[in-house]
>>> print(open('entry-v2.txt').read())   # compact mmCIF, N, CA and C atoms
# COMPACT_ATOMS: atom_id res chain seq x y z
N MET A 1411 82.30 98.37 133.39
CA MET A 1411 81.24 98.12 132.44
C MET A 1411 81.74 98.40 131.02
N CYS A 1412 81.42 97.53 130.10
CA CYS A 1412 81.86 97.68 128.71
C CYS A 1412 80.99 98.70 127.99
N PRO A 1413 81.61 99.48 127.10
CA PRO A 1413 80.80 100.42 126.31
C PRO A 1413 79.93 99.66 125.31
N PRO A 1414 78.78 100.23 124.94
CA PRO A 1414 77.91 99.55 123.97
C PRO A 1414 78.60 99.45 122.61
N LYS A 1415 78.34 98.36 121.91
CA LYS A 1415 78.95 98.16 120.60
C LYS A 1415 78.35 99.10 119.57
N ALA A 1416 79.23 99.61 118.72
CA ALA A 1416 78.76 100.48 117.64
C ALA A 1416 78.20 99.63 116.51
N LYS A 1417 77.43 100.24 115.64
CA LYS A 1417 76.85 99.51 114.51
C LYS A 1417 77.91 98.94 113.58
N ALA A 1418 79.08 99.54 113.53
CA ALA A 1418 80.16 99.07 112.66
C ALA A 1418 80.67 97.70 113.10
N ASP A 1419 80.45 97.34 114.35
CA ASP A 1419 80.91 96.06 114.87
C ASP A 1419 79.97 94.91 114.55
N THR A 1420 78.78 95.20 114.09
CA THR A 1420 77.83 94.13 113.80
C THR A 1420 78.19 93.45 112.49
N ILE A 1421 77.93 92.17 112.44
CA ILE A 1421 78.23 91.38 111.24
C ILE A 1421 76.99 91.36 110.35
N VAL A 1422 77.20 91.76 109.12
CA VAL A 1422 76.10 91.79 108.15
C VAL A 1422 76.33 90.66 107.16
N PRO A 1423 75.36 89.76 106.98
CA PRO A 1423 75.56 88.68 106.02
C PRO A 1423 75.70 89.22 104.60
N MET A 1424 76.50 88.52 103.82
CA MET A 1424 76.72 88.93 102.43
C MET A 1424 75.47 88.68 101.60
N SER A 1425 75.25 89.53 100.64
CA SER A 1425 74.12 89.33 99.75
C SER A 1425 74.47 88.25 98.73
N PRO A 1426 73.49 87.63 98.09
CA PRO A 1426 73.76 86.57 97.12
C PRO A 1426 74.65 87.02 95.96
N GLU A 1427 74.62 88.28 95.58
CA GLU A 1427 75.45 88.74 94.47
C GLU A 1427 76.93 88.73 94.82
N HIS A 1428 77.28 88.79 96.10
CA HIS A 1428 78.67 88.76 96.51
C HIS A 1428 79.22 87.35 96.65
N THR A 1429 78.37 86.35 96.62
CA THR A 1429 78.84 84.99 96.76
C THR A 1429 79.31 84.43 95.42
N THR A 1430 78.98 85.07 94.31
CA THR A 1430 79.42 84.65 92.99
C THR A 1430 80.89 85.02 92.83
N PRO A 1431 81.74 84.07 92.46
CA PRO A 1431 83.17 84.42 92.30
C PRO A 1431 83.39 85.40 91.16
N LEU A 1432 84.35 86.30 91.35
CA LEU A 1432 84.69 87.28 90.33
C LEU A 1432 85.87 86.78 89.50
N CYS A 1433 86.00 87.35 88.33
CA CYS A 1433 87.10 87.04 87.41
C CYS A 1433 88.43 87.26 88.11
N VAL A 1434 89.35 86.31 87.98
CA VAL A 1434 90.65 86.43 88.64
C VAL A 1434 91.54 87.48 87.99
N PHE A 1435 91.20 87.93 86.80
CA PHE A 1435 92.02 88.93 86.12
C PHE A 1435 91.51 90.35 86.38
N CYS A 1436 90.27 90.62 86.02
CA CYS A 1436 89.76 91.99 86.13
C CYS A 1436 89.07 92.27 87.47
N ARG A 1437 88.60 91.23 88.16
CA ARG A 1437 87.90 91.35 89.44
C ARG A 1437 86.67 92.25 89.38
N LYS A 1438 86.06 92.35 88.19
CA LYS A 1438 84.90 93.21 88.02
C LYS A 1438 83.64 92.44 87.67
N ARG A 1439 83.77 91.39 86.88
CA ARG A 1439 82.59 90.65 86.41
C ARG A 1439 82.59 89.24 86.98
N PRO A 1440 81.41 88.64 87.08
CA PRO A 1440 81.34 87.26 87.56
C PRO A 1440 81.97 86.29 86.56
N VAL A 1441 82.44 85.17 87.08
CA VAL A 1441 83.08 84.14 86.27
C VAL A 1441 82.06 83.50 85.34
N GLU A 1442 82.47 83.30 84.08
CA GLU A 1442 81.64 82.58 83.12
C GLU A 1442 82.06 81.11 83.13
N THR A 1443 81.12 80.22 83.05
CA THR A 1443 81.42 78.79 83.07
C THR A 1443 82.34 78.40 81.93
N SER A 1444 82.14 78.96 80.77
CA SER A 1444 82.93 78.60 79.59
C SER A 1444 84.37 79.13 79.65
N SER A 1445 84.64 80.16 80.45
CA SER A 1445 85.98 80.76 80.52
C SER A 1445 86.58 80.66 81.91
N ARG A 1446 86.05 79.82 82.75
CA ARG A 1446 86.46 79.73 84.14
C ARG A 1446 87.97 79.64 84.30
N PRO A 1447 88.63 80.35 85.16
CA PRO A 1447 88.17 81.25 86.21
C PRO A 1447 88.08 82.72 85.77
N PHE A 1448 87.94 82.94 84.47
CA PHE A 1448 87.85 84.29 83.93
C PHE A 1448 86.42 84.61 83.54
N CYS A 1449 86.16 85.90 83.29
CA CYS A 1449 84.80 86.31 82.90
C CYS A 1449 84.62 86.29 81.40
N SER A 1450 85.72 86.28 80.64
CA SER A 1450 85.61 86.33 79.19
C SER A 1450 86.90 85.81 78.55
N GLU A 1451 86.83 85.59 77.25
CA GLU A 1451 88.02 85.18 76.50
C GLU A 1451 89.06 86.30 76.52
N ARG A 1452 88.62 87.54 76.56
CA ARG A 1452 89.53 88.68 76.59
C ARG A 1452 90.41 88.64 77.84
N CYS A 1453 89.82 88.43 79.02
CA CYS A 1453 90.59 88.36 80.26
C CYS A 1453 91.50 87.13 80.25
N ARG A 1454 91.03 86.05 79.69
CA ARG A 1454 91.84 84.83 79.60
C ARG A 1454 93.10 85.09 78.77
N LEU A 1455 92.94 85.75 77.63
CA LEU A 1455 94.08 86.03 76.74
C LEU A 1455 95.03 87.06 77.34
N GLN A 1456 94.50 88.04 78.04
CA GLN A 1456 95.36 89.03 78.68
C GLN A 1456 96.20 88.39 79.78
N ASP A 1457 95.62 87.47 80.53
CA ASP A 1457 96.36 86.76 81.55
C ASP A 1457 97.46 85.90 80.92
N LEU A 1458 97.14 85.20 79.85
CA LEU A 1458 98.13 84.39 79.14
C LEU A 1458 99.27 85.26 78.62
N ALA A 1459 98.96 86.44 78.10
CA ALA A 1459 99.99 87.35 77.58
C ALA A 1459 100.94 87.79 78.70
N ARG A 1460 100.42 88.01 79.89
CA ARG A 1460 101.28 88.40 81.01
C ARG A 1460 102.23 87.28 81.41
N TRP A 1461 101.77 86.03 81.32
CA TRP A 1461 102.66 84.90 81.59
C TRP A 1461 103.72 84.80 80.49
N ALA A 1462 103.30 85.00 79.24
CA ALA A 1462 104.21 84.84 78.10
C ALA A 1462 105.31 85.90 78.08
N ASP A 1463 104.99 87.15 78.44
CA ASP A 1463 106.01 88.20 78.39
C ASP A 1463 106.83 88.32 79.67
N GLY A 1464 106.55 87.49 80.67
CA GLY A 1464 107.35 87.48 81.89
C GLY A 1464 106.88 88.41 82.97
N THR A 1465 105.72 89.05 82.81
CA THR A 1465 105.18 89.91 83.85
C THR A 1465 104.89 89.09 85.10
N TYR A 1466 104.31 87.91 84.92
CA TYR A 1466 104.07 86.99 86.03
C TYR A 1466 105.27 86.06 86.12
N ARG A 1467 105.74 85.82 87.32
CA ARG A 1467 106.87 84.91 87.52
C ARG A 1467 106.60 84.07 88.75
N VAL A 1468 107.14 82.88 88.74
CA VAL A 1468 107.06 82.00 89.89
C VAL A 1468 108.33 82.18 90.70
N ALA A 1469 108.19 82.42 91.99
CA ALA A 1469 109.35 82.64 92.85
C ALA A 1469 110.18 81.36 92.94
N ALA A 1470 111.49 81.51 92.82
CA ALA A 1470 112.40 80.36 92.89
C ALA A 1470 113.79 80.85 93.27
N GLU A 1471 114.63 79.91 93.64
CA GLU A 1471 116.03 80.23 93.94
C GLU A 1471 116.75 80.56 92.62
N PRO A 1472 117.77 81.43 92.64
CA PRO A 1472 118.54 81.73 91.43
C PRO A 1472 119.23 80.47 90.91
N LEU A 1473 119.34 80.36 89.60
CA LEU A 1473 120.01 79.22 88.99
C LEU A 1473 121.51 79.36 89.11
N ASN A 1474 122.20 78.24 89.11
CA ASN A 1474 123.66 78.22 89.14
C ASN A 1474 124.19 78.65 87.76
N PRO A 1475 125.00 79.72 87.65
CA PRO A 1475 125.50 80.18 86.34
C PRO A 1475 126.30 79.11 85.60
N ALA A 1476 127.03 78.25 86.31
CA ALA A 1476 127.80 77.19 85.66
C ALA A 1476 126.87 76.20 84.97
N PHE A 1477 125.70 75.98 85.53
CA PHE A 1477 124.73 75.07 84.94
C PHE A 1477 124.20 75.64 83.63
N ASP A 1478 123.96 76.95 83.58
CA ASP A 1478 123.46 77.60 82.37
C ASP A 1478 124.47 77.54 81.23
N SER A 1479 125.77 77.63 81.54
CA SER A 1479 126.78 77.64 80.49
C SER A 1479 127.10 76.23 79.99
N GLY A 1480 126.62 75.20 80.68
CA GLY A 1480 126.86 73.84 80.25
C GLY A 1480 128.16 73.27 80.76
N ALA A 1481 128.83 73.92 81.71
CA ALA A 1481 130.12 73.45 82.23
C ALA A 1481 129.98 72.12 82.95
N ASP A 1482 128.84 71.86 83.55
CA ASP A 1482 128.63 70.62 84.29
C ASP A 1482 128.11 69.50 83.41
N ASN A 1483 127.88 69.74 82.14
CA ASN A 1483 127.29 68.76 81.25
C ASN A 1483 128.38 67.90 80.61
N ALA A 1484 128.51 66.66 81.05
CA ALA A 1484 129.54 65.76 80.55
C ALA A 1484 129.23 65.25 79.15
N ASP A 1485 127.98 65.27 78.73
CA ASP A 1485 127.58 64.75 77.43
C ASP A 1485 127.91 65.69 76.27
N SER A 1486 128.27 66.94 76.56
CA SER A 1486 128.50 67.92 75.49
C SER A 1486 129.74 67.58 74.66
N SER A 1487 130.70 66.84 75.19
CA SER A 1487 131.91 66.51 74.44
C SER A 1487 131.69 65.37 73.46
N GLU A 1488 130.59 64.66 73.57
CA GLU A 1488 130.31 63.50 72.71
C GLU A 1488 129.64 63.88 71.41
N VAL A 1489 129.41 65.15 71.15
CA VAL A 1489 128.68 65.58 69.96
C VAL A 1489 129.49 65.50 68.75
>>> encode(input="entry-v2.txt", output="structure tokens")
Amino acid sequence: MCPPKAKADTIVPMSPEHTTPLCVFCRKRPVETSSRPFCSERCRLQDLARWADGTYRVAAEPLNPAFDSGADNADSSEV
């Protein structure tokens, strides 16, 4: 015989206030239509600053060092 389920196992529907998306930066305030997906211009600018200073990065394979130095560029001798 299975033991009775505890109250923690019951599923409680979310309240309407939890269905509103939160700001992707601060995760504290609801999203404003004018600043979507952020809650304010402040969060929007702080997110942009993190992209600009390199805090956020997109994962990628390392670049070939020879490509960075221009060794593979045949057009460089025509200058």
>>> atom_distance(input="entry-v2.txt", atom1="CA of Gln1456 (chain A)", atom2="CA of Leu1473 (chain A)")
28.5 Å
>>> atom_distance(input="entry-v2.txt", atom1="CA of Ala1469 (chain A)", atom2="CA of Pro1440 (chain A)")
28.9 Å
>>> residues_around(input="entry-v2.txt", residues="Cys1433 (chain A)", least_positions_apart="4", cutoff="7 Å", atoms="all atoms listed in the file", output="list of chain:residue names")
A:Arg1437, A:Lys1438, A:Arg1439, A:Pro1440, A:Val1441, A:Glu1442, A:Pro1447, A:Phe1448, A:Cys1449, A:Ser1450
>>> axis_aligned_box(input="entry-v2.txt", around="region 1460-1463 of chain A", padding_each_side="8 Å", output="JSON")
{"center_x": 103.6, "center_y": 86.6, "center_z": 79.8, "size_x": 22.4, "size_y": 19.6, "size_z": 19.5}
>>> closest_residue(input="entry-v2.txt", among="A:Arg1446, A:Glu1471, A:Ala1476, A:Ala1459", to="Leu1432 (chain A)", atoms="only C-alpha atoms")
A:Arg1446
>>> select_by_dssp(input="entry-v2.txt", residues="region 1440-1482 of chain A", states="alpha helix (DSSP H)", output="list of chain:residue names")
A:Glu1451, A:Arg1452, A:Cys1453, A:Arg1454, A:Leu1455, A:Gln1456, A:Asp1457, A:Leu1458, A:Ala1459, A:Arg1460, A:Trp1461, A:Ala1462, A:Pro1475, A:Ala1476, A:Phe1477, A:Asp1478, A:Ser1479
